[in-house]
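Enquirer: Quick one: the structure is below, questions incoming.
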Amino acid sequence: GAVVSQHPSRVICKSGTSVKIECRSLDFQATTMFWYRQFPKQSLMLMATSNEGSKATYEQGVEKDKFLINHASLTLSTLTVTSAHPEDSSFYICSASPGGRENIQYFGAGTRLSVL
Amino acid sequence: GESVGLHLPTLSVQEGDNSIINCAYSNSASDYFIWYKQESGKGPQFIIDIRSNMDKRQGQRVTVLLNKTVKHLSLQIAATQPGDSAVYFCAENRGQAGTALIFGKGTTLSVSS
């Protein structure tokens, strides 16, 4: 159980285009999902917290108009990188929490974004 | 600021040895900790967790130790195997539902056979 599916696993796009990444909790409901960004050989950096039915909470320095987050249901959150540029190239990872006392978070497999 | 860090960026062991990966945290209010394993190009995989009212928890081949006095967390892997080679992150959380994890910098474990 506790599977989080992230799609696509890899995407290559031209500069100026927008890319949508999906994060789905397959066997549990997730009131809250999280989006992280990871650069090579570095740790995960929290970008935003996504709550079902409400606006996402962005971390300081993350442009909300650049990284659009939608949490339309208890099993789906999407991250759209708008007008992507080469500096947006990175590994993006989502996580979902089934809630409860322990607040365990389960992670998707990540999306490798390369902007040409 | 609040942070969770690891003592060593890399650790190399021989197959069959026991591995110990360490982590120091600075927020005394943290009451929940998780160890994750991340293989190259993949998302973090949950290994084991521990709440602050415990000082030790065991899983299959893994043990997590928590020393709240010195704000130190460790992950012990028994009989390390080549498949254990990965980056290991500790993460801390206040345990409240809906709050994000704060990740340490990671330790790369390399297991040679």
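The chains in the structure tokens are called A, B, ... from first to last as shown; in each chain the residues are counted from 1, and the ligands are counted from 1 in the order shown.
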When you get a sec, could you note down which chain A residues fall within 7 Å of chain B, using only C-alpha atoms, as a list in words?
Expert: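 Residues of chain A within 7 Å of chain B, counting only C-alpha atoms: Thr32, Gln42, Ser43, Leu44, Ile93, Gly99, Gly100, Arg101, Glu102, Asn103, Tyr106, Phe107, Gly108, Ala109 and Gly110 of chain A.
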Enquirer: Write the residues of the preceding selection, restricted to N, CA, C and O atoms, as an mmCIF file, in the first residue's frame.
Expert:
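Full text of selection_28.cif as output:
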data_model
loop_
_atom_site.group_PDB
_atom_site.id
_atom_site.type_symbol
_atom_site.label_atom_id
_atom_site.label_comp_id
_atom_site.auth_asym_id
_atom_site.auth_seq_id
_atom_site.Cartn_x
_atom_site.Cartn_y
_atom_site.Cartn_z
ATOM 1 N N THR A 32 -3.152 16.422 1.943
ATOM 2 C CA THR A 32 -2.015 17.292 1.704
ATOM 3 C C THR A 32 -0.974 16.587 0.846
ATOM 4 O O THR A 32 -0.651 15.425 1.088
ATOM 5 N N GLN A 42 22.265 17.018 -4.184
ATOM 6 C CA GLN A 42 21.784 17.858 -3.100
ATOM 7 C C GLN A 42 20.519 17.266 -2.484
ATOM 8 O O GLN A 42 19.960 16.298 -3.000
ATOM 9 N N SER A 43 20.112 17.848 -1.393
ATOM 10 C CA SER A 43 18.933 17.359 -0.700
ATOM 11 C C SER A 43 17.659 17.881 -1.351
ATOM 12 O O SER A 43 17.697 18.652 -2.309
ATOM 13 N N LEU A 44 16.538 17.440 -0.822
ATOM 14 C CA LEU A 44 15.248 17.897 -1.335
ATOM 15 C C LEU A 44 14.905 19.258 -0.737
ATOM 16 O O LEU A 44 15.032 19.470 0.462
ATOM 17 N N ILE A 93 9.955 16.265 -7.330
ATOM 18 C CA ILE A 93 9.403 15.109 -6.617
ATOM 19 C C ILE A 93 8.198 15.544 -5.798
ATOM 20 O O ILE A 93 8.236 16.593 -5.150
ATOM 21 N N GLY A 99 -2.144 11.339 6.280
ATOM 22 C CA GLY A 99 -2.581 11.982 7.501
ATOM 23 C C GLY A 99 -2.418 11.059 8.683
ATOM 24 O O GLY A 99 -1.705 10.072 8.615
ATOM 25 N N GLY A 100 -3.034 11.394 9.742
ATOM 26 C CA GLY A 100 -2.892 10.582 10.931
ATOM 27 C C GLY A 100 -1.774 11.072 11.818
ATOM 28 O O GLY A 100 -1.049 12.011 11.498
ATOM 29 N N ARG A 101 -1.594 10.433 12.908
ATOM 30 C CA ARG A 101 -0.670 10.897 13.930
ATOM 31 C C ARG A 101 0.778 10.898 13.464
ATOM 32 O O ARG A 101 1.550 11.785 13.765
ATOM 33 N N GLU A 102 1.145 9.874 12.701
ATOM 34 C CA GLU A 102 2.548 9.750 12.346
ATOM 35 C C GLU A 102 2.988 10.709 11.242
ATOM 36 O O GLU A 102 4.151 11.029 11.133
ATOM 37 N N ASN A 103 2.068 11.144 10.422
ATOM 38 C CA ASN A 103 2.398 12.072 9.341
ATOM 39 C C ASN A 103 3.487 11.546 8.417
ATOM 40 O O ASN A 103 4.360 12.285 7.961
ATOM 41 N N TYR A 106 4.832 9.668 1.663
ATOM 42 C CA TYR A 106 5.284 8.737 0.651
ATOM 43 C C TYR A 106 5.559 9.518 -0.630
ATOM 44 O O TYR A 106 4.796 10.412 -1.006
ATOM 45 N N PHE A 107 6.641 9.142 -1.276
ATOM 46 C CA PHE A 107 7.118 9.926 -2.409
ATOM 47 C C PHE A 107 6.856 9.263 -3.752
ATOM 48 O O PHE A 107 6.854 8.031 -3.865
ATOM 49 N N GLY A 108 6.647 10.120 -4.741
ATOM 50 C CA GLY A 108 6.605 9.644 -6.111
ATOM 51 C C GLY A 108 8.017 9.358 -6.595
ATOM 52 O O GLY A 108 9.000 9.638 -5.902
ATOM 53 N N ALA A 109 8.118 8.845 -7.804
ATOM 54 C CA ALA A 109 9.415 8.469 -8.365
ATOM 55 C C ALA A 109 10.185 9.657 -8.926
ATOM 56 O O ALA A 109 11.350 9.517 -9.285
ATOM 57 N N GLY A 110 9.531 10.811 -8.995
ATOM 58 C CA GLY A 110 10.218 11.995 -9.473
ATOM 59 C C GLY A 110 10.059 12.211 -10.972
ATOM 60 O O GLY A 110 9.771 11.282 -11.734
#
Enquirer: Neighbours of Ile21 in chain B within 9 Å (only C-alpha atoms; same-chain residues fewer than 5 positions away dropped), as a tab-separated table (two decimals) with C-alpha atoms, in the first residue's frame?
Expert:
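Generated output (selection34.tsv):
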chain	number	residue	atom	x	y	z
B	6	LEU	CA	24.19	14.57	8.47
B	7	HIS	CA	27.70	14.19	9.76
B	8	LEU	CA	29.30	12.53	6.76
B	11	LEU	CA	30.29	6.20	3.76
B	73	LEU	CA	19.63	10.40	15.14
B	74	SER	CA	21.30	7.36	13.62
B	75	LEU	CA	20.40	4.61	11.21
B	76	GLN	CA	22.06	1.25	11.61
B	77	ILE	CA	21.97	-1.24	8.76
B	88	TYR	CA	20.19	8.18	2.87
B	107	THR	CA	24.85	10.47	3.14
B	109	LEU	CA	26.41	4.80	1.19
Enquirer: Extract, using only C-alpha atoms, all DNA, RNA and protein residues at most 10 Å from range 54-63 of chain A, discarding same-chain residues fewer than 5 positions from it, and format them as a PyMOL selection string.
Expert: chain A and resi 32-35+45-49+68-72
Enquirer: Using only C-alpha atoms, which protein or nucleic acid residues come within 7 Å of His7 in chain A? Drop anything in the same chain fewer than 4 positions from it, and give the result as an MDAnalysis selection string.
Expert: chainID A and resid 21:23 111
Enquirer: Just to confirm, what's the straight-line distance from CA of Met54 in chain B to CA of Leu66 in chain B in Å (one decimal)?
Expert: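 Computed distance, CA of Met54 in chain B to CA of Leu66 in chain B, equals 7.3 Å.
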Enquirer: Which residue is closest to Ala2 in chain A? Choose from A:Gln105, A:Ser89, A:Gly53, A:Leu116 and count only C-alpha atoms.
Expert: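 Between A:Gln105, A:Ser89, A:Gly53, A:Leu116, the residue approaching Ala2 in chain A most closely is A:Gln105.
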